$ cat work.txt   # compact mmCIF, C-alpha atoms
# COMPACT_ATOMS: atom_id res chain seq x y z
CA MET A 1 0.00 0.00 0.00
CA GLN A 2 2.83 2.33 0.95
CA LEU A 3 4.59 1.40 -2.29
CA LEU A 4 1.47 2.33 -4.28
CA LYS A 5 1.31 5.73 -2.56
CA LEU A 6 4.99 6.33 -3.34
CA ALA A 7 4.49 5.43 -7.02
CA ALA A 8 1.46 7.73 -7.30
CA LEU A 9 3.41 10.56 -5.66
CA LEU A 10 6.29 10.01 -8.06
CA ILE A 11 3.99 10.14 -11.12
CA VAL A 12 2.28 13.33 -9.89
CA GLY A 13 5.68 14.90 -9.21
CA ILE A 14 7.07 14.08 -12.66
CA THR A 15 3.92 15.39 -14.39
CA ALA A 16 4.02 18.64 -12.42
CA LEU A 17 7.73 19.12 -13.11
CA SER A 18 7.40 18.58 -16.86
CA GLY A 19 4.47 21.01 -16.99
CA CYS A 20 6.39 23.75 -15.22
CA SER A 21 9.60 23.43 -17.19
CA PRO A 22 10.10 26.97 -18.51
CA THR A 23 12.18 26.30 -21.61
CA SER A 24 11.55 22.76 -22.65
CA GLY A 25 11.73 23.71 -26.36
CA ALA A 26 8.89 21.51 -27.48
CA GLU A 27 8.74 20.94 -31.21
CA GLY A 28 5.72 20.07 -33.30
CA ARG A 29 6.35 18.67 -36.71
CA ALA A 30 3.85 19.96 -39.21
CA ARG A 31 2.83 18.54 -42.53
CA SER A 32 5.56 18.83 -45.15
CA GLY A 33 4.45 20.00 -48.55
CA TRP A 34 5.48 21.28 -51.92
CA THR A 35 5.63 24.82 -53.22
CA ASP A 36 3.88 25.91 -56.42
CA ASP A 37 6.98 25.11 -58.46
CA GLY A 38 7.16 21.62 -56.94
CA ALA A 39 10.05 22.30 -54.57
CA PRO A 40 9.82 20.35 -51.33
CA MET A 41 9.27 22.12 -48.05
CA LEU A 42 11.42 20.00 -45.81
CA ASN A 43 11.15 19.58 -42.07
CA THR A 44 8.85 22.50 -41.55
CA LYS A 45 8.56 22.83 -37.81
CA VAL A 46 6.90 24.77 -35.11
CA VAL A 47 9.12 25.39 -32.13
CA TYR A 48 7.56 26.35 -28.82
CA ASN A 49 9.73 27.80 -26.09
CA SER A 50 7.55 26.37 -23.35
CA SER A 51 5.53 23.23 -23.00
CA THR A 52 2.70 25.30 -21.51
CA LEU A 53 2.44 27.18 -24.79
CA SER A 54 2.67 23.98 -26.81
CA ARG A 55 -0.24 22.56 -24.80
CA LYS A 56 -2.37 25.65 -25.25
CA VAL A 57 -1.68 26.48 -28.89
CA THR A 58 -2.23 24.01 -31.67
CA ILE A 59 -1.40 24.29 -35.38
CA GLU A 60 -4.50 23.95 -37.53
CA GLU A 61 -3.02 24.44 -40.96
CA MET A 62 0.29 25.27 -42.63
CA THR A 63 0.32 26.28 -46.25
CA SER A 64 2.63 28.19 -48.53
CA SER A 65 2.38 29.90 -51.89
CA LYS A 66 4.59 31.94 -54.18
CA VAL A 67 4.36 35.73 -54.17
CA GLY A 68 6.51 36.69 -57.13
CA ASP A 69 9.78 34.87 -56.48
CA MET A 70 9.25 34.65 -52.74
CA LEU A 71 7.61 31.95 -50.69
CA LEU A 72 4.83 33.08 -48.37
CA ALA A 73 4.11 30.85 -45.39
CA GLN A 74 0.70 30.92 -43.78
CA VAL A 75 -0.03 29.24 -40.46
CA THR A 76 -3.34 29.03 -38.65
CA LEU A 77 -3.04 28.72 -34.87
CA ARG A 78 -5.87 27.74 -32.53
CA SER A 79 -6.07 28.33 -28.82
CA LYS A 80 -7.08 25.34 -26.76
CA ALA A 81 -7.24 27.50 -23.66
CA GLY A 82 -10.39 29.16 -22.38
CA ASP A 83 -8.64 32.40 -21.54
CA THR A 84 -6.85 34.89 -23.78
CA LEU A 85 -3.34 33.92 -24.82
CA SER A 86 -0.67 36.52 -25.42
CA PHE A 87 2.59 35.37 -26.94
CA GLN A 88 5.14 36.14 -29.67
CA TYR A 89 6.15 34.50 -32.93
CA LYS A 90 8.73 34.76 -35.67
CA PHE A 91 9.52 32.93 -38.89
CA GLU A 92 13.05 31.74 -39.55
CA TRP A 93 13.85 30.90 -43.18
CA PHE A 94 16.33 28.43 -44.67
CA ASP A 95 17.46 27.54 -48.18
CA LEU A 96 17.27 24.01 -49.60
CA ASP A 97 20.64 23.16 -48.06
CA GLY A 98 19.39 24.18 -44.62
CA LEU A 99 21.38 27.41 -44.41
CA ALA A 100 19.66 30.10 -42.33
CA LEU A 101 18.74 33.18 -44.34
CA ASN A 102 17.41 35.54 -41.68
CA ALA A 103 18.51 34.14 -38.33
CA ALA A 104 19.78 37.53 -37.18
CA SER A 105 17.17 39.76 -38.74
CA ALA A 106 13.99 37.83 -37.89
CA THR A 107 12.07 39.79 -35.27
CA TRP A 108 9.54 38.64 -32.68
CA LYS A 109 5.99 39.83 -33.29
CA PRO A 110 3.23 39.95 -30.69
CA LEU A 111 0.11 37.83 -31.09
CA ILE A 112 -3.08 37.61 -29.04
CA ILE A 113 -5.59 34.80 -29.46
CA TYR A 114 -8.83 34.89 -27.54
CA GLY A 115 -10.09 31.77 -25.84
CA LYS A 116 -10.81 28.83 -28.16
CA GLU A 117 -10.36 31.04 -31.21
CA SER A 118 -7.98 30.70 -34.13
CA LYS A 119 -5.77 33.21 -35.87
CA THR A 120 -3.81 33.09 -39.14
CA ILE A 121 -0.32 34.53 -39.38
CA GLN A 122 1.92 34.95 -42.42
CA GLY A 123 5.65 35.10 -43.01
CA LEU A 124 7.37 36.08 -46.25
CA ALA A 125 10.74 34.56 -47.14
CA PRO A 126 13.52 37.19 -47.07
CA ASP A 127 14.67 36.23 -50.57
CA PRO A 128 13.89 33.67 -53.34
CA ARG A 129 16.25 31.08 -51.82
CA GLY A 130 13.88 30.62 -48.86
CA ARG A 131 12.30 27.17 -49.22
CA GLU A 132 12.03 25.93 -45.67
CA TYR A 133 10.86 27.73 -42.58
CA LYS A 134 10.50 27.35 -38.86
CA LEU A 135 7.81 29.06 -36.85
CA LEU A 136 9.04 29.94 -33.38
CA LEU A 137 6.57 30.70 -30.60
CA ARG A 138 7.46 32.07 -27.18
CA ASP A 139 5.68 33.46 -24.16
CA ALA A 140 5.19 37.20 -24.14
CA ASP A 141 7.73 39.14 -22.08
CA MET B 1 14.32 15.66 -130.60
CA ARG B 2 14.75 19.30 -129.70
CA ARG B 3 11.31 19.26 -128.09
CA ILE B 4 12.24 16.35 -125.87
CA PHE B 5 15.40 18.13 -124.88
CA TYR B 6 13.47 21.26 -123.89
CA LEU B 7 10.90 19.22 -121.95
CA ALA B 8 13.64 17.41 -120.02
CA GLY B 9 15.25 20.75 -119.24
CA PHE B 10 11.92 22.15 -118.06
CA PHE B 11 11.33 19.20 -115.71
CA ALA B 12 14.87 19.43 -114.37
CA LEU B 13 14.25 23.12 -113.62
CA LEU B 14 10.97 22.27 -111.88
CA VAL B 15 12.67 19.66 -109.69
CA LEU B 16 15.43 22.11 -108.82
CA LEU B 17 12.96 24.86 -107.92
CA SER B 18 10.83 22.59 -105.76
CA ALA B 19 13.94 21.40 -103.88
CA CYS B 20 14.97 24.97 -103.18
CA SER B 21 11.51 26.04 -102.03
CA ALA B 22 10.94 23.01 -99.75
CA PRO B 23 10.66 24.21 -96.12
CA ARG B 24 13.82 23.46 -94.15
CA SER B 25 13.27 21.70 -90.84
CA ARG B 26 13.06 24.15 -87.94
CA MET B 27 14.65 21.57 -85.68
CA ALA B 28 18.40 20.99 -85.84
CA MET B 29 18.83 17.49 -84.49
CA GLN B 30 21.92 16.82 -82.35
CA GLU B 31 23.06 13.70 -80.52
CA LYS B 32 20.95 14.15 -77.38
CA THR B 33 19.09 17.36 -78.15
CA ALA B 34 17.25 19.25 -80.86
CA ILE B 35 17.64 23.00 -81.33
CA ASP B 36 14.56 24.94 -82.33
CA THR B 37 16.21 27.42 -84.68
CA GLU B 38 13.22 29.75 -84.52
CA THR B 39 12.82 30.10 -80.74
CA GLY B 40 16.28 29.11 -79.54
CA VAL B 41 14.76 26.51 -77.23
CA ILE B 42 16.81 23.32 -76.91
CA TRP B 43 14.62 20.25 -76.50
CA MET B 44 15.78 16.90 -75.28
CA LYS B 45 15.70 14.40 -78.12
CA ASN B 46 14.16 11.87 -75.74
CA ALA B 47 10.73 13.19 -74.81
CA ASN B 48 10.33 10.73 -71.95
CA LEU B 49 13.68 10.54 -70.20
CA ALA B 50 12.02 9.83 -66.83
CA ASN B 51 10.40 6.81 -68.49
CA LYS B 52 7.14 7.45 -66.65
CA PRO B 53 4.70 10.27 -65.95
CA LEU B 54 5.67 12.36 -62.94
CA PRO B 55 3.71 14.21 -60.23
CA TRP B 56 4.13 17.92 -59.51
CA ARG B 57 3.58 17.93 -55.75
CA ALA B 58 4.85 14.63 -54.38
CA ASP B 59 8.05 12.72 -53.82
CA ASP B 60 10.10 11.97 -56.97
CA ASN B 61 8.34 14.78 -58.77
CA VAL B 62 9.14 17.00 -61.74
CA TYR B 63 11.18 19.36 -59.56
CA ALA B 64 13.34 16.52 -58.22
CA PHE B 65 13.89 15.11 -61.72
CA ILE B 66 15.03 18.49 -63.07
CA GLN B 67 17.28 18.97 -60.03
CA ASN B 68 18.93 15.62 -60.69
CA LEU B 69 19.36 16.39 -64.40
CA ASN B 70 21.13 19.62 -63.54
CA LYS B 71 23.23 18.03 -60.80
CA SER B 72 24.41 15.37 -63.26
CA THR B 73 24.90 18.05 -65.99
CA PHE B 74 22.92 15.99 -68.46
CA GLY B 75 24.19 16.58 -72.01
CA GLY B 76 26.84 18.86 -70.55
CA TYR B 77 24.36 21.43 -69.20
CA ALA B 78 23.01 22.36 -65.78
CA ASP B 79 20.15 24.66 -66.75
CA TRP B 80 17.42 22.22 -67.74
CA ARG B 81 13.90 23.36 -66.90
CA VAL B 82 10.22 22.68 -67.58
CA PRO B 83 9.03 24.33 -70.83
CA THR B 84 6.59 27.23 -70.58
CA ARG B 85 3.07 27.19 -71.96
CA ASP B 86 4.17 29.35 -74.92
CA GLU B 87 7.11 27.08 -75.73
CA MET B 88 4.86 24.00 -75.72
CA THR B 89 2.24 25.78 -77.84
CA SER B 90 4.93 26.74 -80.35
CA LEU B 91 6.20 23.15 -80.56
CA LEU B 92 2.68 21.76 -80.97
CA ASP B 93 1.85 24.30 -83.69
CA TYR B 94 5.04 23.33 -85.51
CA ALA B 95 4.26 19.60 -85.14
CA LYS B 96 0.74 20.11 -86.49
CA LYS B 97 2.04 22.10 -89.42
CA THR B 98 4.77 19.66 -90.43
CA GLY B 99 2.54 16.62 -89.84
CA LYS B 100 -0.36 18.22 -91.77
CA TYR B 101 -2.59 17.59 -88.78
CA LYS B 102 -6.03 16.15 -89.33
CA VAL B 103 -8.00 15.06 -86.27
CA GLU B 104 -9.29 11.92 -88.02
CA LYS B 105 -5.78 10.75 -88.98
CA VAL B 106 -3.77 9.49 -86.00
CA GLU B 107 -0.58 9.43 -88.08
CA THR B 108 -0.78 13.25 -88.36
CA TRP B 109 -1.15 13.90 -84.62
CA PRO B 110 1.63 15.98 -83.03
CA TYR B 111 3.32 13.13 -81.13
CA GLN B 112 3.62 11.15 -84.38
CA ALA B 113 4.85 14.15 -86.39
CA LEU B 114 7.56 14.81 -83.79
CA ARG B 115 8.61 11.14 -83.80
CA ASP B 116 8.93 11.36 -87.58
CA LEU B 117 11.22 14.37 -87.13
CA GLY B 118 13.59 12.27 -85.02
CA PHE B 119 12.37 12.85 -81.45
CA GLU B 120 12.26 9.73 -79.32
CA ASP B 121 9.47 8.32 -77.17
CA VAL B 122 7.05 11.22 -77.63
CA ARG B 123 3.85 10.15 -75.87
CA ASP B 124 0.29 10.72 -77.03
CA TYR B 125 -0.56 12.16 -73.65
CA GLY B 126 -0.26 15.26 -71.46
CA TYR B 127 3.06 16.97 -70.74
CA TRP B 128 3.80 19.44 -67.96
CA THR B 129 4.36 23.10 -68.70
CA SER B 130 5.78 25.42 -66.04
CA THR B 131 2.87 27.84 -66.42
CA ARG B 132 0.43 27.92 -63.55
CA GLU B 133 -3.19 29.02 -63.88
CA SER B 134 -4.15 28.91 -60.20
CA SER B 135 -2.92 27.41 -56.93
CA SER B 136 -4.20 24.01 -58.03
CA GLN B 137 -4.19 24.16 -61.83
CA MET B 138 -1.50 24.24 -64.50
CA TYR B 139 -1.32 24.32 -68.28
CA ILE B 140 -0.82 20.85 -69.73
CA ALA B 141 0.24 20.20 -73.33
CA ASP B 142 -1.57 17.31 -74.99
CA PHE B 143 0.52 15.73 -77.73
CA ALA B 144 -2.44 13.77 -79.09
CA SER B 145 -4.86 16.66 -79.61
CA GLY B 146 -2.20 19.36 -79.96
CA LYS B 147 -3.92 21.57 -77.40
CA VAL B 148 -2.59 23.25 -74.26
CA THR B 149 -5.30 23.34 -71.62
CA VAL B 150 -5.70 23.94 -67.89
CA LYS B 151 -5.75 20.81 -65.74
CA PRO B 152 -5.48 20.02 -62.01
CA ASP B 153 -1.87 19.76 -60.82
CA ASP B 154 -2.51 16.63 -58.75
CA LYS B 155 -2.39 14.28 -61.77
CA LEU B 156 0.63 12.62 -63.38
CA TYR B 157 1.97 13.88 -66.70
CA TYR B 158 5.10 13.38 -68.78
CA LEU B 159 8.06 15.73 -68.59
CA TRP B 160 10.00 17.06 -71.56
CA PRO B 161 12.87 19.19 -70.23
CA VAL B 162 14.25 22.13 -72.21
CA ARG B 163 16.98 24.70 -71.87
CA GLY B 164 17.82 28.00 -73.54
CA GLY B 165 15.21 30.09 -75.34
CA ARG B 166 13.04 32.69 -73.54

$ encode --input "work.txt" --output "structure tokens"
Amino acid sequence: MQLLKLAALLIVGITALSGCSPTSGAEGRARSGWTDDGAPMLNTKVVYNSSTLSRKVTIEEMTSSKVGDMLLAQVTLRSKAGDTLSFQYKFEWFDLDGLALNAASATWKPLIIYGKESKTIQGLAPDPRGREYKLLLRDAD
Amino acid sequence: MRRIFYLAGFFALLVLLSACSAPRSRMAMQEKTAIDTETGVIWMKNANLANKPLPWRADDNVYAFIQNLNKSTFGGYADWRVPTRDEMTSLLDYAKKTGKYKVEKVETWPYQALRDLGFEDVRDYGYWTSTRESSSQMYIADFASGKVTVKPDDKLYYLWPVRGGR
């Protein structure tokens, strides 16, 4: 009986700890696709800076299209939380060889999603080499 | 006797004139390619190098095939691409003209006319162009009917890479 209590306590403790971890860097792999000219969009990912955020925000859809020579990424986020979520996002772009194109210049943008609602955000590649992107999400300051 | 001589001379002149006025082929056939002397587009001699129809948005697609062609510098070049709608239309118009196209005669259809010119494995089916109509539709060149029409981009079509031109 005492052993059972100890095991239950251990499970509760581990769950609580993993939930509170501030920078667990959870990653959600989204559907890979192809651009309008047939180029593959490889390893498109959403990177959350906290597991709390990753639990509360889900990716509904990721699409991309060409605007002139540039790739435009469009991501629809949905809040699973009942209350308003305030956080930040940025798109990081890479070429087909995985070289970062805007790692230094990509800026964080604020985003607010009301409870259980969804919002669509867009990111334009910095130049025509941009074929792969990462969406980074972090808690608001 | 003199009359026969004149007649023979007249016929010889006719033959000579008809040979000079015969339209020269627009296509200059090379070992692996054919140069369209009118547009400057260089077509692959083999119109089905992939040996199968390819998808546009899927693994092992048109994009990947062209990438591989250019990586391997096929024919000594690394700038192979998918022909545009206008380039395909021009080729089909030429094929219909040289083959004296008649819809009821299969032997005059563009794919057959191009085979007769020396192109290899031209299929009586749709070929990709690089021209997009919408986010889900592209212009496809049909080498049986000789028409370039809009079709969904989720089907498989043949690929006939080109370089140069434009």

$ atom_distance --input "work.txt" --atom1 "atom CA of B:Arg81" --atom2 "atom CA of B:Pro161"
5.4 Å

$ closest_atom_pairs --input "work.txt" --of "chain A" --to "chain B" --cutoff "9 Å" --atoms "only C-alpha atoms" --output "JSON lines"
{"residue": "A:Gly33", "atom": "CA", "partner": "B:Arg57", "partner_atom": "CA", "distance": 7.5}
{"residue": "A:Trp34", "atom": "CA", "partner": "B:Arg57", "partner_atom": "CA", "distance": 5.4}
{"residue": "A:Thr35", "atom": "CA", "partner": "B:Arg57", "partner_atom": "CA", "distance": 7.6}
{"residue": "A:Asp36", "atom": "CA", "partner": "B:Ser135", "partner_atom": "CA", "distance": 7.0}
{"residue": "A:Asp37", "atom": "CA", "partner": "B:Tyr63", "partner_atom": "CA", "distance": 7.2}
{"residue": "A:Gly38", "atom": "CA", "partner": "B:Arg57", "partner_atom": "CA", "distance": 5.3}
{"residue": "A:Ala39", "atom": "CA", "partner": "B:Tyr63", "partner_atom": "CA", "distance": 5.9}
{"residue": "A:Pro40", "atom": "CA", "partner": "B:Arg57", "partner_atom": "CA", "distance": 8.0}
{"residue": "A:Ser65", "atom": "CA", "partner": "B:Ser135", "partner_atom": "CA", "distance": 7.7}

$ atom_distance --input "work.txt" --atom1 "atom CA of A:Asp139" --atom2 "atom CA of A:Val47"
11.9 Å

$ residues_around --input "work.txt" --residues "B:Asp124" --least-positions-apart "4" --cutoff "12 Å" --atoms "all atoms listed in the file" --output "count of residues only"
23

$ residues_around --input "work.txt" --residues "A:Leu101" --least-positions-apart "5" --cutoff "9 Å" --atoms "all atoms listed in the file" --output "list of chain:residue names"
A:Glu92, A:Trp93, A:Phe94, A:Asp95, A:Ala125, A:Pro126, A:Asp127, A:Arg129, A:Gly130

$ residues_near_point --input "work.txt" --point "(11.3, 13.2, -80.0)" --cutoff "8 Å" --atoms "all atoms listed in the file" --output "list in words"
Met44, Lys45, Asn46, Ala47, Leu114, Arg115, Leu117, Gly118, Phe119, Glu120, Asp121 and Val122 of chain B

$ atom_distance --input "work.txt" --atom1 "atom CA of A:Lys116" --atom2 "atom CA of A:Ala73"
22.9 Å

$ closest_residue --input "work.txt" --among "A:Ala106, A:Leu111, A:Ala100, A:Met62" --to "A:Phe87" --atoms "all atoms listed in the file"
A:Leu111

$ residues_around --input "work.txt" --residues "B:Gly164" --least-positions-apart "3" --cutoff "12 Å" --atoms "only C-alpha atoms" --output "ChimeraX atom specification"
/B:33-37,39-44,77-84,87,161

$ build_atoms --input "work.txt" --residues "stretch 79-90 of chain A" --atoms "all heavy atoms" --output "tab-separated table (two decimals), keeping the file's coordinate frame"
chain	number	residue	atom	x	y	z
A	79	SER	N	-6.26	28.39	-30.27
A	79	SER	CA	-6.07	28.33	-28.82
A	79	SER	C	-6.94	27.23	-28.24
A	79	SER	O	-8.13	27.15	-28.54
A	79	SER	CB	-6.44	29.67	-28.20
A	79	SER	OG	-6.56	29.51	-26.80
A	80	LYS	N	-6.31	26.39	-27.44
A	80	LYS	CA	-7.08	25.34	-26.76
A	80	LYS	C	-7.50	25.82	-25.38
A	80	LYS	O	-8.25	25.15	-24.69
A	80	LYS	CB	-6.23	24.07	-26.63
A	80	LYS	CG	-6.00	23.38	-27.97
A	80	LYS	CD	-5.44	21.99	-27.79
A	80	LYS	CE	-3.94	22.00	-27.60
A	80	LYS	NZ	-3.34	20.66	-27.54
A	81	ALA	N	-6.96	26.98	-25.00
A	81	ALA	CA	-7.24	27.50	-23.66
A	81	ALA	C	-8.55	28.30	-23.66
A	81	ALA	O	-8.98	28.83	-24.69
A	81	ALA	CB	-6.10	28.40	-23.22
A	82	GLY	N	-9.15	28.39	-22.50
A	82	GLY	CA	-10.39	29.16	-22.38
A	82	GLY	C	-10.12	30.64	-22.25
A	82	GLY	O	-10.95	31.47	-22.63
A	83	ASP	N	-8.96	30.99	-21.74
A	83	ASP	CA	-8.64	32.40	-21.54
A	83	ASP	C	-7.80	32.95	-22.69
A	83	ASP	O	-7.31	32.18	-23.54
A	83	ASP	CB	-7.92	32.59	-20.19
A	83	ASP	CG	-6.76	31.64	-20.06
A	83	ASP	OD1	-6.72	30.65	-20.83
A	83	ASP	OD2	-5.87	31.87	-19.21
A	84	THR	N	-7.61	34.25	-22.70
A	84	THR	CA	-6.85	34.89	-23.78
A	84	THR	C	-5.36	34.57	-23.67
A	84	THR	O	-4.79	34.64	-22.58
A	84	THR	CB	-7.06	36.42	-23.71
A	84	THR	OG1	-8.45	36.67	-23.83
A	84	THR	CG2	-6.32	37.12	-24.84
A	85	LEU	N	-4.78	34.23	-24.80
A	85	LEU	CA	-3.34	33.92	-24.82
A	85	LEU	C	-2.58	35.06	-25.47
A	85	LEU	O	-2.98	35.55	-26.54
A	85	LEU	CB	-3.07	32.65	-25.62
A	85	LEU	CG	-3.56	31.33	-25.04
A	85	LEU	CD1	-3.29	30.20	-26.03
A	85	LEU	CD2	-2.85	31.05	-23.72
A	86	SER	N	-1.51	35.48	-24.84
A	86	SER	CA	-0.67	36.52	-25.42
A	86	SER	C	0.75	35.97	-25.53
A	86	SER	O	1.35	35.59	-24.53
A	86	SER	CB	-0.71	37.75	-24.49
A	86	SER	OG	0.15	38.73	-25.00
A	87	PHE	N	1.24	35.90	-26.74
A	87	PHE	CA	2.59	35.37	-26.94
A	87	PHE	C	3.24	36.02	-28.16
A	87	PHE	O	2.69	36.98	-28.72
A	87	PHE	CB	2.57	33.83	-27.06
A	87	PHE	CG	1.66	33.31	-28.13
A	87	PHE	CD1	2.16	32.94	-29.37
A	87	PHE	CD2	0.30	33.16	-27.90
A	87	PHE	CE1	1.33	32.45	-30.35
A	87	PHE	CE2	-0.55	32.68	-28.88
A	87	PHE	CZ	-0.04	32.32	-30.11
A	88	GLN	N	4.42	35.55	-28.54
A	88	GLN	CA	5.14	36.14	-29.67
A	88	GLN	C	5.54	35.05	-30.66
A	88	GLN	O	5.67	33.88	-30.29
A	88	GLN	CB	6.40	36.87	-29.16
A	88	GLN	CG	6.08	38.04	-28.25
A	88	GLN	CD	7.34	38.68	-27.69
A	88	GLN	OE1	8.35	38.01	-27.52
A	88	GLN	NE2	7.25	39.95	-27.37
A	89	TYR	N	5.73	35.46	-31.91
A	89	TYR	CA	6.15	34.50	-32.93
A	89	TYR	C	7.15	35.14	-33.90
A	89	TYR	O	7.23	36.36	-34.02
A	89	TYR	CB	4.94	33.97	-33.71
A	89	TYR	CG	4.36	34.97	-34.68
A	89	TYR	CD1	4.75	34.99	-36.02
A	89	TYR	CD2	3.45	35.93	-34.26
A	89	TYR	CE1	4.23	35.91	-36.91
A	89	TYR	CE2	2.92	36.86	-35.14
A	89	TYR	CZ	3.32	36.85	-36.47
A	89	TYR	OH	2.81	37.78	-37.34
A	90	LYS	N	7.90	34.30	-34.54
A	90	LYS	CA	8.73	34.76	-35.67
A	90	LYS	C	8.99	33.59	-36.62
A	90	LYS	O	8.98	32.42	-36.21
A	90	LYS	CB	10.03	35.39	-35.19
A	90	LYS	CG	11.09	34.45	-34.65
A	90	LYS	CD	12.38	35.23	-34.38
A	90	LYS	CE	13.42	34.36	-33.71
A	90	LYS	NZ	14.67	35.08	-33.44
